[in-house]
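Below is start.cif, which holds mmCIF, C-alpha atoms.
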```cif
data_model
#
loop_
_atom_site.group_PDB
_atom_site.id
_atom_site.type_symbol
_atom_site.label_atom_id
_atom_site.label_comp_id
_atom_site.auth_asym_id
_atom_site.auth_seq_id
_atom_site.Cartn_x
_atom_site.Cartn_y
_atom_site.Cartn_z
ATOM 1 C CA MET A 1 120.980 4.473 50.678
ATOM 2 C CA SER A 2 121.759 8.140 50.055
ATOM 3 C CA ILE A 3 118.653 10.326 49.815
ATOM 4 C CA HIS A 4 118.758 13.915 48.558
ATOM 5 C CA ALA A 5 117.604 16.577 51.040
ATOM 6 C CA PRO A 6 115.518 18.917 48.840
ATOM 7 C CA PHE A 7 115.178 21.620 51.513
ATOM 8 C CA GLY A 8 118.633 21.201 52.971
ATOM 9 C CA ARG A 9 119.129 19.620 56.378
ATOM 10 C CA MET A 10 117.878 22.189 58.870
ATOM 11 C CA ALA A 11 114.486 23.885 58.937
ATOM 12 C CA THR A 12 112.392 25.332 61.729
ATOM 13 C CA ALA A 13 108.649 25.921 61.837
ATOM 14 C CA MET A 14 108.765 29.553 62.900
ATOM 15 C CA VAL A 15 106.497 31.255 65.422
ATOM 16 C CA THR A 16 104.558 34.372 64.474
ATOM 17 C CA PRO A 17 105.302 37.058 67.093
ATOM 18 C CA PHE A 18 102.259 39.069 68.153
ATOM 19 C CA ASN A 19 102.250 42.428 69.891
ATOM 20 C CA LYS A 20 100.322 42.870 73.136
ATOM 21 C CA ASP A 21 97.296 44.015 71.122
ATOM 22 C CA LEU A 22 97.692 40.748 69.138
ATOM 23 C CA SER A 23 98.624 42.441 65.883
ATOM 24 C CA ILE A 24 101.619 40.871 64.146
ATOM 25 C CA ASP A 25 105.016 42.247 65.126
ATOM 26 C CA TRP A 26 106.381 42.587 61.610
ATOM 27 C CA GLY A 27 109.790 43.816 62.716
ATOM 28 C CA GLY A 28 110.010 40.957 65.183
ATOM 29 C CA LEU A 29 109.095 38.511 62.419
ATOM 30 C CA SER A 30 112.045 39.714 60.337
ATOM 31 C CA THR A 31 114.363 39.555 63.346
ATOM 32 C CA LEU A 32 113.374 35.958 64.102
ATOM 33 C CA ALA A 33 113.867 34.908 60.488
ATOM 34 C CA GLN A 34 117.343 36.441 60.474
ATOM 35 C CA HIS A 35 118.091 34.721 63.798
ATOM 36 C CA LEU A 36 117.258 31.344 62.257
ATOM 37 C CA VAL A 37 119.500 32.016 59.279
ATOM 38 C CA SER A 38 122.348 32.983 61.609
ATOM 39 C CA THR A 39 122.078 29.619 63.410
ATOM 40 C CA GLY A 40 122.562 27.487 60.313
ATOM 41 C CA HIS A 41 119.101 27.001 58.875
ATOM 42 C CA THR A 42 118.672 26.139 55.210
ATOM 43 C CA ALA A 43 114.884 26.557 55.247
ATOM 44 C CA ILE A 44 112.183 28.278 57.272
ATOM 45 C CA VAL A 45 108.587 27.085 57.514
ATOM 46 C CA VAL A 46 105.964 29.795 58.014
ATOM 47 C CA ASN A 47 102.210 29.621 58.520
ATOM 48 C CA GLY A 48 102.368 26.275 60.268
ATOM 49 C CA THR A 49 100.992 25.089 63.590
ATOM 50 C CA THR A 50 103.847 26.690 65.536
ATOM 51 C CA GLY A 51 103.167 29.877 63.584
ATOM 52 C CA GLU A 52 99.589 29.797 64.919
ATOM 53 C CA ALA A 53 98.259 29.605 61.373
ATOM 54 C CA PRO A 54 94.714 28.732 62.508
ATOM 55 C CA THR A 55 94.514 32.229 64.017
ATOM 56 C CA THR A 56 95.971 34.283 61.143
ATOM 57 C CA SER A 57 93.991 35.568 58.201
ATOM 58 C CA ASP A 58 94.819 34.724 54.594
ATOM 59 C CA GLU A 59 95.952 38.332 54.121
ATOM 60 C CA GLU A 60 98.291 38.030 57.111
ATOM 61 C CA LYS A 61 99.631 34.724 55.817
ATOM 62 C CA GLY A 62 100.574 36.328 52.514
ATOM 63 C CA ARG A 63 102.341 39.218 54.204
ATOM 64 C CA ILE A 64 104.182 36.805 56.509
ATOM 65 C CA ILE A 65 105.595 35.019 53.464
ATOM 66 C CA ARG A 66 106.647 38.266 51.804
ATOM 67 C CA THR A 67 108.216 39.625 55.007
ATOM 68 C CA VAL A 68 110.242 36.496 55.692
ATOM 69 C CA LYS A 69 111.368 36.189 52.064
ATOM 70 C CA GLU A 70 112.595 39.768 52.158
ATOM 71 C CA ALA A 71 114.369 39.182 55.482
ATOM 72 C CA VAL A 72 116.269 36.008 54.507
ATOM 73 C CA GLY A 73 117.066 36.542 50.835
ATOM 74 C CA PRO A 74 117.116 34.044 47.980
ATOM 75 C CA GLN A 75 119.527 31.522 49.525
ATOM 76 C CA ILE A 76 117.056 30.339 52.192
ATOM 77 C CA THR A 77 114.032 28.270 51.210
ATOM 78 C CA VAL A 78 110.732 29.571 52.569
ATOM 79 C CA VAL A 79 108.149 26.823 52.903
ATOM 80 C CA ALA A 80 104.587 27.980 53.528
ATOM 81 C CA GLY A 81 101.940 25.982 55.324
ATOM 82 C CA ALA A 82 98.868 25.674 53.137
ATOM 83 C CA GLY A 83 96.887 22.979 54.890
ATOM 84 C CA ASN A 84 93.299 23.079 56.028
ATOM 85 C CA ASN A 85 90.564 20.566 56.715
ATOM 86 C CA GLU A 86 88.774 21.583 53.539
ATOM 87 C CA THR A 87 90.394 21.044 50.155
ATOM 88 C CA SER A 88 89.062 24.008 48.181
ATOM 89 C CA HIS A 89 90.227 26.543 50.789
ATOM 90 C CA SER A 90 93.551 24.718 51.051
ATOM 91 C CA ILE A 91 93.996 25.150 47.312
ATOM 92 C CA GLU A 92 93.222 28.860 47.641
ATOM 93 C CA GLN A 93 95.873 29.128 50.371
ATOM 94 C CA ALA A 94 98.381 27.281 48.204
ATOM 95 C CA GLN A 95 97.788 29.601 45.276
ATOM 96 C CA MET A 96 98.012 32.643 47.536
ATOM 97 C CA ALA A 97 101.310 31.350 48.958
ATOM 98 C CA ALA A 98 102.691 30.889 45.459
ATOM 99 C CA LYS A 99 101.739 34.459 44.507
ATOM 100 C CA ALA A 100 103.322 35.768 47.720
ATOM 101 C CA GLY A 101 106.652 34.195 46.762
ATOM 102 C CA ALA A 102 106.823 30.967 48.774
ATOM 103 C CA ASP A 103 109.365 28.472 47.473
ATOM 104 C CA ALA A 104 107.420 25.359 48.487
ATOM 105 C CA LEU A 105 104.381 24.230 50.463
ATOM 106 C CA LEU A 106 103.888 22.249 53.664
ATOM 107 C CA VAL A 107 100.564 20.437 53.422
ATOM 108 C CA VAL A 108 99.064 18.705 56.447
ATOM 109 C CA THR A 109 96.582 15.856 56.401
ATOM 110 C CA PRO A 110 93.041 17.276 56.537
ATOM 111 C CA TYR A 111 92.102 17.386 60.202
ATOM 112 C CA TYR A 112 88.878 16.879 62.187
ATOM 113 C CA ASN A 113 87.028 15.364 59.188
ATOM 114 C CA LYS A 114 88.916 12.039 59.604
ATOM 115 C CA PRO A 115 88.812 11.226 55.871
ATOM 116 C CA PRO A 116 89.594 7.727 54.593
ATOM 117 C CA GLN A 117 92.907 7.110 52.882
ATOM 118 C CA ALA A 118 91.296 7.618 49.466
ATOM 119 C CA GLY A 119 90.237 11.106 50.538
ATOM 120 C CA ILE A 120 93.658 11.895 51.970
ATOM 121 C CA GLU A 121 95.330 10.812 48.754
ATOM 122 C CA ALA A 122 92.908 12.828 46.616
ATOM 123 C CA HIS A 123 93.492 15.893 48.811
ATOM 124 C CA PHE A 124 97.266 15.762 48.442
ATOM 125 C CA ARG A 125 97.031 15.193 44.697
ATOM 126 C CA ALA A 126 94.685 18.160 44.322
ATOM 127 C CA MET A 127 97.116 20.319 46.287
ATOM 128 C CA ALA A 128 100.075 19.145 44.228
ATOM 129 C CA ASP A 129 98.252 19.973 41.017
ATOM 130 C CA ALA A 130 97.098 23.403 42.202
ATOM 131 C CA THR A 131 100.411 25.281 41.812
ATOM 132 C CA ASP A 132 103.899 24.869 40.387
ATOM 133 C CA LEU A 133 105.382 24.616 43.893
ATOM 134 C CA SER A 134 106.850 21.455 45.364
ATOM 135 C CA ILE A 135 105.135 19.924 48.384
ATOM 136 C CA MET A 136 106.273 18.502 51.685
ATOM 137 C CA MET A 137 103.522 16.314 53.120
ATOM 138 C CA TYR A 138 102.964 16.572 56.872
ATOM 139 C CA ASP A 139 101.930 13.457 58.764
ATOM 140 C CA ILE A 140 100.908 14.244 62.355
ATOM 141 C CA PRO A 141 97.996 12.009 63.364
ATOM 142 C CA GLY A 142 98.069 13.234 66.963
ATOM 143 C CA ARG A 143 96.708 16.556 65.674
ATOM 144 C CA THR A 144 94.780 15.505 62.578
ATOM 145 C CA GLY A 145 93.182 12.353 63.966
ATOM 146 C CA VAL A 146 94.219 10.265 60.945
ATOM 147 C CA PRO A 147 97.648 8.991 59.838
ATOM 148 C CA ILE A 148 98.846 8.899 56.274
ATOM 149 C CA GLU A 149 99.239 5.151 55.895
ATOM 150 C CA GLN A 150 102.354 3.627 54.374
ATOM 151 C CA ASP A 151 100.722 2.591 51.107
ATOM 152 C CA THR A 152 99.259 6.075 50.674
ATOM 153 C CA ILE A 153 102.639 7.743 51.213
ATOM 154 C CA VAL A 154 104.304 5.378 48.755
ATOM 155 C CA ARG A 155 101.739 6.144 46.062
ATOM 156 C CA LEU A 156 101.878 9.897 46.672
ATOM 157 C CA ALA A 157 105.683 9.868 46.513
ATOM 158 C CA GLU A 158 105.340 9.007 42.832
ATOM 159 C CA HIS A 159 103.817 12.446 42.159
ATOM 160 C CA PRO A 160 106.573 14.680 40.714
ATOM 161 C CA LYS A 161 105.688 17.640 42.946
ATOM 162 C CA ILE A 162 105.415 15.696 46.222
ATOM 163 C CA ILE A 163 109.082 15.625 47.146
ATOM 164 C CA ALA A 164 109.342 15.224 50.931
ATOM 165 C CA LEU A 165 107.566 14.134 54.102
ATOM 166 C CA LYS A 166 107.564 15.856 57.484
ATOM 167 C CA ASP A 167 107.148 12.982 59.906
ATOM 168 C CA ALA A 168 105.568 13.569 63.314
ATOM 169 C CA LYS A 169 103.805 10.228 63.446
ATOM 170 C CA GLY A 170 105.851 8.967 66.372
ATOM 171 C CA ASP A 171 106.151 5.538 64.736
ATOM 172 C CA VAL A 172 109.774 4.976 63.761
ATOM 173 C CA ALA A 173 109.018 1.442 62.554
ATOM 174 C CA SER A 174 106.419 2.677 60.064
ATOM 175 C CA THR A 175 108.725 5.442 58.856
ATOM 176 C CA SER A 176 111.504 2.902 58.380
ATOM 177 C CA TRP A 177 109.315 0.965 55.993
ATOM 178 C CA VAL A 178 108.273 4.097 54.103
ATOM 179 C CA ILE A 179 111.901 5.074 53.516
ATOM 180 C CA LYS A 180 112.825 1.557 52.427
ATOM 181 C CA ARG A 181 109.857 1.250 50.079
ATOM 182 C CA CYS A 182 109.957 4.569 48.254
ATOM 183 C CA GLY A 183 112.987 6.580 49.398
ATOM 184 C CA ILE A 184 110.994 9.779 49.953
ATOM 185 C CA PRO A 185 113.121 12.366 51.807
ATOM 186 C CA VAL A 186 111.861 12.390 55.401
ATOM 187 C CA TYR A 187 112.286 15.314 57.789
ATOM 188 C CA SER A 188 111.802 14.724 61.495
ATOM 189 C CA GLY A 189 108.898 16.775 62.800
ATOM 190 C CA ASP A 190 109.330 15.729 66.433
ATOM 191 C CA ASP A 191 112.486 17.075 68.054
ATOM 192 C CA ILE A 192 112.937 14.338 70.606
ATOM 193 C CA LEU A 193 112.887 11.790 67.744
ATOM 194 C CA ASN A 194 115.353 13.691 65.542
ATOM 195 C CA LEU A 195 118.208 11.280 66.136
ATOM 196 C CA PRO A 196 116.138 8.070 65.990
ATOM 197 C CA LEU A 197 114.700 9.181 62.653
ATOM 198 C CA LEU A 198 118.170 9.990 61.307
ATOM 199 C CA SER A 199 119.163 6.454 62.235
ATOM 200 C CA VAL A 200 116.508 4.981 59.916
ATOM 201 C CA GLY A 201 117.220 7.303 56.996
ATOM 202 C CA ALA A 202 115.719 10.754 57.615
ATOM 203 C CA VAL A 203 117.535 13.571 55.810
ATOM 204 C CA GLY A 204 116.997 16.451 58.234
ATOM 205 C CA PHE A 205 114.689 18.247 60.645
ATOM 206 C CA VAL A 206 111.684 20.523 60.591
ATOM 207 C CA SER A 207 112.185 21.604 64.165
ATOM 208 C CA VAL A 208 110.505 23.697 66.817
ATOM 209 C CA CYS A 209 113.515 23.715 69.138
ATOM 210 C CA GLY A 210 115.525 25.196 66.271
ATOM 211 C CA HIS A 211 114.384 28.571 67.602
ATOM 212 C CA THR A 212 116.501 28.083 70.715
ATOM 213 C CA VAL A 213 119.141 25.461 69.848
ATOM 214 C CA GLY A 214 119.302 25.677 66.068
ATOM 215 C CA ALA A 215 123.093 25.819 65.953
ATOM 216 C CA ARG A 216 123.373 22.676 68.086
ATOM 217 C CA LEU A 217 120.827 20.850 65.951
ATOM 218 C CA ARG A 218 122.751 21.836 62.845
ATOM 219 C CA GLU A 219 125.905 20.520 64.530
ATOM 220 C CA MET A 220 124.119 17.242 65.266
ATOM 221 C CA LEU A 221 123.225 16.928 61.601
ATOM 222 C CA ASP A 222 126.744 17.744 60.480
ATOM 223 C CA VAL A 223 128.413 15.211 62.750
ATOM 224 C CA TRP A 224 125.841 12.524 61.956
ATOM 225 C CA PHE A 225 126.333 12.855 58.218
ATOM 226 C CA ALA A 226 130.099 12.949 58.765
ATOM 227 C CA GLY A 227 129.755 9.486 60.266
ATOM 228 C CA ASP A 228 130.073 10.405 63.945
ATOM 229 C CA ALA A 229 127.100 8.665 65.543
ATOM 230 C CA VAL A 230 128.621 8.947 69.022
ATOM 231 C CA GLY A 231 128.971 12.713 68.661
ATOM 232 C CA ALA A 232 125.376 13.019 67.436
ATOM 233 C CA LEU A 233 124.160 10.997 70.420
ATOM 234 C CA GLN A 234 126.064 13.247 72.807
ATOM 235 C CA ILE A 235 124.365 16.347 71.368
ATOM 236 C CA HIS A 236 120.966 14.637 71.473
ATOM 237 C CA GLN A 237 121.394 13.818 75.141
ATOM 238 C CA GLU A 238 122.617 17.306 75.998
ATOM 239 C CA LEU A 239 119.494 18.783 74.364
ATOM 240 C CA LEU A 240 116.970 16.493 76.058
ATOM 241 C CA PRO A 241 116.005 19.153 78.654
ATOM 242 C CA VAL A 242 115.211 21.602 75.847
ATOM 243 C CA PHE A 243 113.182 19.021 73.913
ATOM 244 C CA THR A 244 111.188 18.191 77.020
ATOM 245 C CA GLY A 245 110.817 21.752 78.274
ATOM 246 C CA THR A 246 109.582 23.118 74.955
ATOM 247 C CA PHE A 247 106.627 20.760 74.956
ATOM 248 C CA ARG A 248 105.662 20.669 78.629
ATOM 249 C CA THR A 249 102.636 22.809 77.769
ATOM 250 C CA GLN A 250 102.409 23.529 74.023
ATOM 251 C CA GLY A 251 105.162 24.176 71.509
ATOM 252 C CA ALA A 252 104.264 27.683 70.343
ATOM 253 C CA ILE A 253 103.497 28.875 73.869
ATOM 254 C CA MET A 254 106.779 27.667 75.335
ATOM 255 C CA THR A 255 108.851 28.681 72.317
ATOM 256 C CA LYS A 256 107.584 32.241 72.536
ATOM 257 C CA ALA A 257 108.397 32.299 76.243
ATOM 258 C CA ALA A 258 111.870 30.880 75.523
ATOM 259 C CA LEU A 259 112.575 33.483 72.853
ATOM 260 C CA THR A 260 111.615 36.236 75.279
ATOM 261 C CA LEU A 261 114.022 34.787 77.860
ATOM 262 C CA MET A 262 116.723 34.857 75.151
ATOM 263 C CA GLY A 263 116.038 38.523 74.393
ATOM 264 C CA LEU A 264 114.361 37.778 71.068
ATOM 265 C CA PRO A 265 110.855 38.846 69.951
ATOM 266 C CA GLY A 266 108.708 35.900 71.004
ATOM 267 C CA GLY A 267 105.664 38.019 71.680
ATOM 268 C CA PHE A 268 102.201 36.973 72.762
ATOM 269 C CA THR A 269 99.771 34.245 71.661
ATOM 270 C CA ARG A 270 96.294 34.454 70.180
ATOM 271 C CA LEU A 271 93.410 32.470 71.618
ATOM 272 C CA PRO A 272 92.790 29.603 71.942
ATOM 273 C CA LEU A 273 96.452 29.525 72.989
ATOM 274 C CA VAL A 274 97.359 31.392 76.163
ATOM 275 C CA ASP A 275 100.676 32.811 77.281
ATOM 276 C CA ALA A 276 102.909 30.836 79.620
ATOM 277 C CA THR A 277 102.379 31.424 83.331
ATOM 278 C CA SER A 278 105.117 32.574 85.674
ATOM 279 C CA VAL A 279 105.391 29.046 87.069
ATOM 280 C CA GLN A 280 105.738 27.571 83.583
ATOM 281 C CA ILE A 281 108.353 30.176 82.651
ATOM 282 C CA ALA A 282 110.367 29.393 85.780
ATOM 283 C CA GLN A 283 110.423 25.693 84.860
ATOM 284 C CA LEU A 284 111.271 26.553 81.256
ATOM 285 C CA ARG A 285 114.198 28.682 82.424
ATOM 286 C CA GLU A 286 115.600 25.659 84.288
ATOM 287 C CA ASP A 287 115.094 23.429 81.231
ATOM 288 C CA LEU A 288 116.828 25.846 78.877
ATOM 289 C CA ILE A 289 119.787 26.381 81.206
ATOM 290 C CA ALA A 290 120.106 22.598 81.623
ATOM 291 C CA GLY A 291 120.216 22.307 77.849
ATOM 292 C CA GLY A 292 122.947 24.920 77.497
ATOM 293 C CA VAL A 293 120.845 27.818 76.194
ATOM 294 C CA ALA A 294 122.192 31.291 76.982
ATOM 295 C CA LEU A 295 119.469 33.523 78.402
ATOM 296 C CA ALA A 296 119.252 37.293 78.404
ATOM 297 C CA THR A 297 116.903 37.581 81.391
#
```

Represent the supplied structure as structure tokens.
Amino acid sequence: MSIHAPFGRMATAMVTPFNKDLSIDWGGLSTLAQHLVSTGHTAIVVNGTTGEAPTTSDEEKGRIIRTVKEAVGPQITVVAGAGNNETSHSIEQAQMAAKAGADALLVVTPYYNKPPQAGIEAHFRAMADATDLSIMMYDIPGRTGVPIEQDTIVRLAEHPKIIALKDAKGDVASTSWVIKRCGIPVYSGDDILNLPLLSVGAVGFVSVCGHTVGARLREMLDVWFAGDAVGALQIHQELLPVFTGTFRTQGAIMTKAALTLMGLPGGFTRLPLVDATSVQIAQLREDLIAGGVALAT
């Protein structure tokens, strides 16, 4: 089975760098977007969990989209998170993202409410009908409290604007069945499962570790799709310290600390996240070095 990758192979859910006063570092945002492009990305996801979207205003979200679009140019797809736990506000965010110039939307399962599958399906259909933009569904039950069940995904994949799935379910068996049943393009949303998901038919990654090892992840994709499974496994194993280190505490916290160690504008976090401690940064430094990441400090 050959499945088209509508957003290319390599995307990263980008952090939003904040200054010490917790305003957005707009120059740093552009620099990070350009950094991702330089390491082989075909798409960038903004206003997602790693971008600390729960702490940014709708006005900030719109400017983030415009800033990143301007920084990367027309060749790179900018996917904007537009998910919320309430459908009407999610629709407003989707329409705002479309006006700001986003190329597509990442829509997460409504969280906290724990809706039934009928409600989840109705939510995604309402989002898909709200704009002309294509949608990547985001299934991450560890955060939302509810999975998108196989039958629901299969039905939603029939909608012409729902064209991909970001999978962070942590259930490779379930994802295998989804791919077999409907052929929806699946992007791994859990870095340590990137290679296992490729092995059952995923088309690419929506990474967090792409901030630090994007070029190596792109190489993994290239060798895998060239038929070199052994080479892909070697890269996967070499990057295990980075995968583990990035999520020892919380992805956005550790990614920002890692970017700072690399001499890039990681910046600070907004509450309820807190910046990495000196002990956590020391461990992260060891993890990054073990994974082959060149550090500036």

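Remark: for A:Val223, the closest of the candidate residues A:Leu295, A:Val79, A:Leu198, A:Ile135 is A:Leu198 (distances computed over all atoms listed in the file).
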
task: Would you please work out which residue, of A:Asn194, A:Asn19, A:Thr269, A:Thr42, is nearest to A:Val72 when using only C-alpha atoms?
output: A:Thr42

Residue by residue, what does the PyMOL selection byres ((chain A and resi 24) around 12) grab here? Present the result as a short mmCIF file (atom, residue, chain, number, x, y, z; two decimals) with C-alpha atoms, in the frame of the given file.
```cif
data_model
loop_
_atom_site.label_atom_id
_atom_site.label_comp_id
_atom_site.auth_asym_id
_atom_site.auth_seq_id
_atom_site.Cartn_x
_atom_site.Cartn_y
_atom_site.Cartn_z
CA VAL A 15 106.50 31.26 65.42
CA THR A 16 104.56 34.37 64.47
CA PRO A 17 105.30 37.06 67.09
CA PHE A 18 102.26 39.07 68.15
CA ASN A 19 102.25 42.43 69.89
CA LYS A 20 100.32 42.87 73.14
CA ASP A 21 97.30 44.02 71.12
CA LEU A 22 97.69 40.75 69.14
CA SER A 23 98.62 42.44 65.88
CA ASP A 25 105.02 42.25 65.13
CA TRP A 26 106.38 42.59 61.61
CA GLY A 27 109.79 43.82 62.72
CA GLY A 28 110.01 40.96 65.18
CA LEU A 29 109.10 38.51 62.42
CA SER A 30 112.04 39.71 60.34
CA GLY A 51 103.17 29.88 63.58
CA GLU A 52 99.59 29.80 64.92
CA THR A 55 94.51 32.23 64.02
CA THR A 56 95.97 34.28 61.14
CA SER A 57 93.99 35.57 58.20
CA GLU A 59 95.95 38.33 54.12
CA GLU A 60 98.29 38.03 57.11
CA LYS A 61 99.63 34.72 55.82
CA ARG A 63 102.34 39.22 54.20
CA ILE A 64 104.18 36.80 56.51
CA THR A 67 108.22 39.62 55.01
CA PRO A 265 110.86 38.85 69.95
CA GLY A 266 108.71 35.90 71.00
CA GLY A 267 105.66 38.02 71.68
CA PHE A 268 102.20 36.97 72.76
CA THR A 269 99.77 34.24 71.66
CA ARG A 270 96.29 34.45 70.18
#
```

field: Distance criterion (all atoms listed in the file): nearest to A:Arg216 out of A:Glu238, A:Glu92, A:Glu149, A:Asp190
entry: A:Glu238

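Residues matched by the PyMOL selection byres ((chain A and resi 212) around 8) in this structure: Cys209, Gly210, His211, Val213, Gly214, Thr255, Ala258, Leu259 and Val293 of chain A.
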
- line: re atom CA of A:Arg125 and atom CA of A:Ile153: distance 11.4 Å

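Every residue that the PyMOL selection byres ((chain A and resi 41) around 8) selects in this file is listed here: Arg9, Met10, Ala11, Thr12, Leu36, Val37, Ser38, Thr39, Gly40, Thr42, Ala43, Ile44, Ile76, Gly214 and Arg218 of chain A.
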
task: Find the spatial neighbours of A:Asp58, counting all atoms listed in the file, within a cut-off of 12 Å - ignore same-chain residues fewer than 3 positions away - and output them as a PyMOL selection string.
output: chain A and resi 47+53-55+61-65+80-84+89-90+92-97+100

message: Excluding A:Leu197 and its own-chain neighbours fewer than 4 positions away, which residues fall within 12 Å of it when counting all atoms listed in the file? Please give them as a PyMOL selection string.
response: chain A and resi 166-179+185-193+201-206+221+224

Closest contacts (stretch 213-255 of chain A/stretch 280-289 of chain A, max 12 Å, only C-alpha atoms) as CSV:
```
residue,atom,partner,partner_atom,distance
A:Val213,CA,A:Leu288,CA,9.3
A:Glu238,CA,A:Leu288,CA,10.7
A:Leu239,CA,A:Leu288,CA,8.8
A:Leu240,CA,A:Asp287,CA,8.9
A:Pro241,CA,A:Asp287,CA,5.1
A:Val242,CA,A:Leu288,CA,5.5
A:Phe243,CA,A:Asp287,CA,8.8
A:Thr244,CA,A:Asp287,CA,7.8
A:Gly245,CA,A:Asp287,CA,5.5
A:Thr246,CA,A:Leu284,CA,7.4
A:Phe247,CA,A:Leu284,CA,9.7
A:Arg248,CA,A:Gln280,CA,8.5
A:Thr249,CA,A:Gln280,CA,8.1
A:Gln250,CA,A:Gln280,CA,10.9
A:Gly251,CA,A:Leu284,CA,11.7
A:Ile253,CA,A:Gln280,CA,10.1
A:Met254,CA,A:Leu284,CA,7.5
A:Thr255,CA,A:Leu284,CA,9.5
```

task: Would you mind telling me which residue in A:Thr50, A:Thr152, A:Thr277, A:Thr131 lies nearest to A:Ala98 when using all atoms listed in the file?
output: A:Thr131

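Taking all atoms listed in the file into account, A:Leu264 lies nearest to A:Thr297 out of the set A:Thr297, A:Asp228, A:Ala122, A:Asn85.
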
statement: Correct to one decimal, the distance atom CA of A:Ile91-atom CA of A:Met137 is 14.2 Å

- request: One decimal, Å: what's the distance from atom CA of A:Ser199 over to atom CA of A:Leu165, could you say?
  value: 16.1 Å

Enclose the full set of atoms of stretch 276-284 of chain A listed in the file within a box whose edges lie along x, y and z, apply 8 Å of padding to each of the six sides, and report centre and edge lengths in Å to one decimal as lines of an AutoDock Vina configuration file.
```
center_x = 106.8
center_y = 29.1
center_z = 83.3
size_x = 24.9
size_y = 22.9
size_z = 23.4
```

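The shortest atom-to-atom distance to A:Leu105, with only C-alpha atoms taken into account, belongs to A:Ala164 out of A:Ile184, A:Val230, A:Ala164, A:Leu156.
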
Please return, as a compact mmCIF listing (two decimals) with C-alpha atoms, in the frame of the given file, all polymer residues that have at least one atom within 6 Å of the point (111.9, 25.2, 51.0); use only C-alpha atoms and the file's own coordinate frame.
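Everything below was put into selection-v6.txt:
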```
# COMPACT_ATOMS: atom_id res chain seq x y z
CA PHE A 7 115.18 21.62 51.51
CA ALA A 43 114.88 26.56 55.25
CA THR A 77 114.03 28.27 51.21
CA VAL A 78 110.73 29.57 52.57
CA VAL A 79 108.15 26.82 52.90
CA ASP A 103 109.36 28.47 47.47
CA ALA A 104 107.42 25.36 48.49
```
